[in-house]
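Participant: What follows is a structure written as structure tokens; I'll ask about it next.
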There are 2 protein chains.
Amino acid sequence: MSPWKAARTGDAVTAIDTPALVLDLDAFERNLQRMAQALAGSDVRLRPHAKSHKCPEIARRQMAHGAVGICCQKVSEAAVFVEAGIPDVLVTNQVVGDAKVRRLAELARRARIGVLADDAAQVRAYAAAARATGVELDVYVEVDVGAGRCGVAPGEEAARLAAQVADSAALRFAGLQCYHGPAQHLRRPEERRAAIAAAARRAIATRDGILARGIPVPRITGAGTGTFVHERDSGVFDELQAGSYVFMDADYGANETGSGEVAFEHALFVRTAVLSHTTPARAVVDAGLKASSVDSGLPRVWQRPGLRYVKAADEHGTLAVDEGTPIALGDALHLVPGHCDPTVNLYDELVCIRGDVVEDVWPIEARGALL
Amino acid sequence: MSPWKAARTGDAVTAIDTPALVLDLDAFERNLQRMAQALAGSDVRLRPHAKSHKCPEIARRQMAHGAVGICCQKVSEAAVFVEAGIPDVLVTNQVVGDAKVRRLAELARRARIGVLADDAAQVRAYAAAARATGVELDVYVEVDVGAGRCGVAPGEEAARLAAQVADSAALRFAGLQCYHGPAQHLRRPEERRAAIAAAARRAIATRDGILARGIPVPRITGAGTGTFVHERDSGVFDELQAGSYVFMDADYGANETGSGEVAFEHALFVRTAVLSHTTPARAVVDAGLKASSVDSGLPRVWQRPGLRYVKAADEHGTLAVDEGTPIALGDALHLVPGHCDPTVNLYDELVCIRGDVVEDVWPIEARGALL
């Protein structure tokens, strides 16, 4: 990694070295508050996804705003947050492989740990590891409610797996994971509403089949930043797993916000500077695709009319410059990343600014936690 | 980062935890030898680009195979390689900003350091920092030979900048940077040949204009893995900057290899395992876009007929499974990354295998070096 830091607490924002990952604390805190307000007076709880930020400092602030725990996607990610003192972590993924399952069970000595299953072999492995470690694990059956990725089919297949979990001594059947990923980025509000309505019907049918076997279904969990108001209002979901709401990104920003939905602000930016400007219509900045992930589209230039980010190479970003737009070598500007999660994963630190000053620098401790 | 390592020296390949970045040492060493053979008997030198691997162990092996030094793209990257003992580093980029330029000059106390310029202001900043630090810097004028990104126009503009460098006491005018990035991935050999022929004509015209001012042009440098045989044979280029040849990736693998070109082998893989397999036609692996960069296309499944990687999410990869293809939960397989450079940048270590055994684990020391 770089032998130098992009910034230190107390620096002026203008002194931040580039490229750097910047968090606007005012916008971030308003996002935390908006989510808390959106769930106030409801029985639905927030368990935000930490795969978006990988940063224990952010998880602590989410807990202070009422989150009941966090989600992670990898056992190694969960280990970072447990080590940081987060008491309740759900790995929203299947965990396969003896070493990984053993490590997962060991985390349950220090925190409440949940995990997903969509196969009988996973359940057997979780049960064996939990028994050997002397712990209990929360196991959720993942149901494919429309995403077409992991999860068993709704209905009978899910009920059989739930029964297997419920019959396993060291496992608690904790409920159903019903996350609909592709629904998050449907652009029109009515498309998102319809997708979650269909997901909720599949969740209900599955839950009722399990209840009919006499097995309680403690929780139904899912949702993301793009759809969470629909899961909140469904009467079915108990917990919500939104993560990107703290940051927002250009992909979420491209969703049309419907009536009753919550508008979050862009709080995460890549600060970059112009390193080449040899023709009037083009400037090249020092943030390419190793500084802002382009998997979900190019970054957007923030509040600098006349500049568009039009091409990303490894270490270069090409800006199209409209005639008469002021820009010069060394000028710094902020980009809104196309996709916040993989962009955060490119950095070791988050430079937290308030107004013109660097207020803090937070380590992204689970950066690169792939195992 | 992950509290656990994916593998240790002496482990069986089957014991590598997933996802992991794996280097097949036999294929890697053949790639090193093929490049050395391709340049044997020629006056053209190799200065491989280290932005692809960010790994001093690999740079040392490249030097042992005849490289005269390495290229980097960032000052912080260069610092990692100078610290590791590489004696000659060219930053193939414009460096802008007082802190960065000062750090660049300080590196020149310990190694021969080169840098690019395409603006008079950069040259003034380099000269001031070199004087203040008591060092000399090699400065190359970057010429836009067809890439349409950085670099001045060929001809008179480049000559003026070269004269400015030559007149600066603490700077050595080292020659011309003439890299044609987009030519690397033109799929047909004759397209690549034509693009480099045009680039070489622009380089010659620029060189001759500088020579006409009585300024020697010590070196013309450029080229990548897709085109380097054409720069080698051009009679113009003195140094080649290919980097990906040590690894190859799916994007380079999609180039058609022409007569007289060198075929390199895939040596870099992402090892991944099946974590969900709920329907016969689909399996989900634990390597998504945080494990294999998708900016230049999806990864390819390596030597497992009947399996295709068809979709990447943050932590999931979806495989399409042809009927009758054997695959089960927990099965491990290797992916050829779509683009090696940003994929390497996602990992802290490179697991080096030979046959069935992990022979070594190399730190990717410049991972995340963005400044």
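Simple scheme: letters A, B, ... for chains in structure tokens order, numbers from 1 for residues in each chain, numbers from 1 for ligands in the order shown.
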Could you list, with a cut-off of 12 Å and counting only C-alpha atoms, the residues of region 3-38 of chain A near region 342-348 of chain A, each shown with its nearest atom pair and the distance in Å rounded to one decimal, rows sorted by chain and ascending number, as JSON lines?
Facilitator:
```
{"residue": "A:Pro3", "atom": "CA", "partner": "A:Asp348", "partner_atom": "CA", "distance": 11.6}
{"residue": "A:Trp4", "atom": "CA", "partner": "A:Asp348", "partner_atom": "CA", "distance": 11.3}
{"residue": "A:Lys5", "atom": "CA", "partner": "A:Asp348", "partner_atom": "CA", "distance": 9.4}
{"residue": "A:Ala6", "atom": "CA", "partner": "A:Asp348", "partner_atom": "CA", "distance": 10.2}
{"residue": "A:Thr18", "atom": "CA", "partner": "A:Tyr347", "partner_atom": "CA", "distance": 11.9}
{"residue": "A:Pro19", "atom": "CA", "partner": "A:Tyr347", "partner_atom": "CA", "distance": 9.9}
{"residue": "A:Ala20", "atom": "CA", "partner": "A:Tyr347", "partner_atom": "CA", "distance": 8.0}
{"residue": "A:Leu21", "atom": "CA", "partner": "A:Tyr347", "partner_atom": "CA", "distance": 7.0}
{"residue": "A:Val22", "atom": "CA", "partner": "A:Val344", "partner_atom": "CA", "distance": 9.9}
{"residue": "A:Leu23", "atom": "CA", "partner": "A:Val344", "partner_atom": "CA", "distance": 10.6}
```
Participant: Could you give me, as CSV, a per-residue list for region 187-249 of chain B showing, wherever an atom lies at most 12 Å from an atom of region 129-153 of chain B, the closest pair of atoms and their distance in Å to one decimal, using only C-alpha atoms and sorting by chain then residue number from low to high?
Facilitator:
```
residue,atom,partner,partner_atom,distance
B:Arg192,CA,B:Gly146,CA,11.9
B:Ala194,CA,B:Gly146,CA,11.3
B:Ala195,CA,B:Gly146,CA,7.8
B:Ile196,CA,B:Val145,CA,8.7
B:Ala197,CA,B:Val145,CA,10.2
B:Ala198,CA,B:Val145,CA,7.6
B:Ala199,CA,B:Val145,CA,4.8
B:Ala200,CA,B:Val145,CA,7.8
B:Arg201,CA,B:Val145,CA,8.7
B:Arg202,CA,B:Val145,CA,6.0
B:Ala203,CA,B:Val145,CA,7.0
B:Ile204,CA,B:Val145,CA,10.5
B:Ala205,CA,B:Val145,CA,10.7
B:Thr206,CA,B:Val143,CA,8.2
B:Arg207,CA,B:Val143,CA,10.2
B:Ile210,CA,B:Val141,CA,10.9
B:Val217,CA,B:Tyr140,CA,9.5
B:Pro218,CA,B:Tyr140,CA,9.7
B:Arg219,CA,B:Tyr140,CA,8.6
B:Ile220,CA,B:Tyr140,CA,8.6
B:Thr221,CA,B:Tyr140,CA,8.9
B:Gly222,CA,B:Glu142,CA,9.8
B:Ala223,CA,B:Val145,CA,11.3
```
Participant: For region 278-284 of chain A, find every residue with an atom within 12 Å (counting only C-alpha atoms), except residues of its own chain fewer than 6 positions away, and show them as a ChimeraX atom specification.
Facilitator: /A:272,306-313,315-333 /B:93-96,117-121,142-144,148-154,157-158
Participant: Can you spit out the residues from that selection as a short mmCIF file (atom, residue, chain, number, x, y, z; two decimals), in the first residue's frame, using C-alpha atoms?
Facilitator:
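Dumped to again28.cif:
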```
data_model
loop_
_atom_site.label_atom_id
_atom_site.label_comp_id
_atom_site.auth_asym_id
_atom_site.auth_seq_id
_atom_site.Cartn_x
_atom_site.Cartn_y
_atom_site.Cartn_z
CA THR A 272 -9.20 13.61 -7.77
CA GLY A 306 -19.42 21.52 -18.02
CA LEU A 307 -17.30 18.52 -16.98
CA ARG A 308 -18.22 14.90 -17.68
CA TYR A 309 -16.23 11.77 -16.81
CA VAL A 310 -16.29 9.87 -20.10
CA LYS A 311 -13.58 7.19 -19.92
CA ALA A 312 -11.79 5.23 -17.21
CA ALA A 313 -8.41 3.55 -17.61
CA GLU A 315 -5.02 5.12 -13.37
CA HIS A 316 -6.56 7.82 -15.59
CA GLY A 317 -10.01 9.29 -15.93
CA THR A 318 -10.82 11.30 -19.02
CA LEU A 319 -13.12 14.32 -18.64
CA ALA A 320 -14.95 15.92 -21.52
CA VAL A 321 -14.77 19.69 -21.02
CA ASP A 322 -17.49 21.90 -22.47
CA GLU A 323 -16.29 25.05 -24.18
CA GLY A 324 -15.59 27.85 -21.72
CA THR A 325 -15.56 25.62 -18.62
CA PRO A 326 -12.83 26.73 -16.24
CA ILE A 327 -10.38 23.91 -15.45
CA ALA A 328 -6.61 23.85 -15.03
CA LEU A 329 -3.78 21.48 -14.27
CA GLY A 330 -3.86 20.56 -10.57
CA ASP A 331 -7.53 21.46 -10.05
CA ALA A 332 -9.22 19.08 -7.62
CA LEU A 333 -12.80 17.90 -7.98
CA ASN B 93 2.66 9.51 -15.85
CA GLN B 94 2.48 13.22 -15.25
CA VAL B 95 3.03 14.03 -11.58
CA VAL B 96 1.12 17.09 -10.37
CA ALA B 117 5.69 15.83 -18.91
CA ASP B 118 3.12 17.21 -21.29
CA ASP B 119 2.92 20.75 -19.87
CA ALA B 120 5.43 23.50 -19.17
CA ALA B 121 4.14 23.89 -15.62
CA GLU B 142 4.85 12.40 -23.62
CA VAL B 143 3.60 12.52 -27.19
CA ASP B 144 0.04 11.62 -28.10
CA GLY B 148 -6.07 10.58 -27.29
CA ARG B 149 -5.42 10.86 -23.57
CA CYS B 150 -2.29 12.51 -22.16
CA GLY B 151 0.63 13.83 -24.20
CA VAL B 152 1.31 16.81 -26.41
CA ALA B 153 0.72 16.76 -30.15
CA PRO B 154 3.57 15.30 -32.23
CA GLU B 157 4.77 21.36 -29.46
CA ALA B 158 6.79 18.38 -28.23
#
```
Participant: Could you check how far CA of Ala125 (chain B) sits from CA of Ala105 (chain B), in Å to one decimal?
Facilitator: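 Value for the CA of Ala125 (chain B)-CA of Ala105 (chain B) distance: 10.4 Å.
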Participant: According to DSSP computed on the backbone, where in region 150-352 of chain A is there helix (DSSP H, G or I)? Give the residues as a PyMOL selection string.
Facilitator: chain A and resi 156-166+182-185+189-212+228-232+244-246+250-253+340-344
Participant: Can you list, as number ranges by chain, every protein, DNA or RNA residue that comes within 12 Å of Ser259 (chain A) when you count only C-alpha atoms, leaving out same-chain residues fewer than 4 positions away?
Facilitator: A: 188-190, 193, 229-230, 263
Participant: Could you check which of B:Met35, B:Phe269, B:Leu275, B:Asp98 is closest to chain A, using only C-alpha atoms?
Facilitator: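 Among the listed residues, B:Leu275 lies closest to chain A.
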Participant: Could you list, as a list of chain:residue names, every residue within 9 Å of Ala163 (chain A), counting only C-alpha atoms and ignoring same-chain residues fewer than 4 positions away?
Facilitator: A:Ala158, A:Ala159, A:Asp167, A:Ser168, A:Phe173, A:Ile210, A:Arg213, A:Ile215
Participant: My list of candidates is A:Ala369, A:Val358, A:Val336, A:Val91. Which is closest to chain B when distances are computed with only C-alpha atoms?
Facilitator: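 Selected residue with least distance to chain B: A:Ala369.
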Participant: Separation of CA of Ala78 (chain A) and CA of Val236 (chain A), in Å?
Facilitator: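 Computing it gives 26.7 Å between the two atoms.
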Participant: So which one's closest to Leu335 (chain A), A:Ala366, A:Val357, A:Val270, A:Met248? Using only C-alpha atoms, please.
Facilitator: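 Counting only C-alpha atoms, the residue closest to Leu335 (chain A) is A:Val270.
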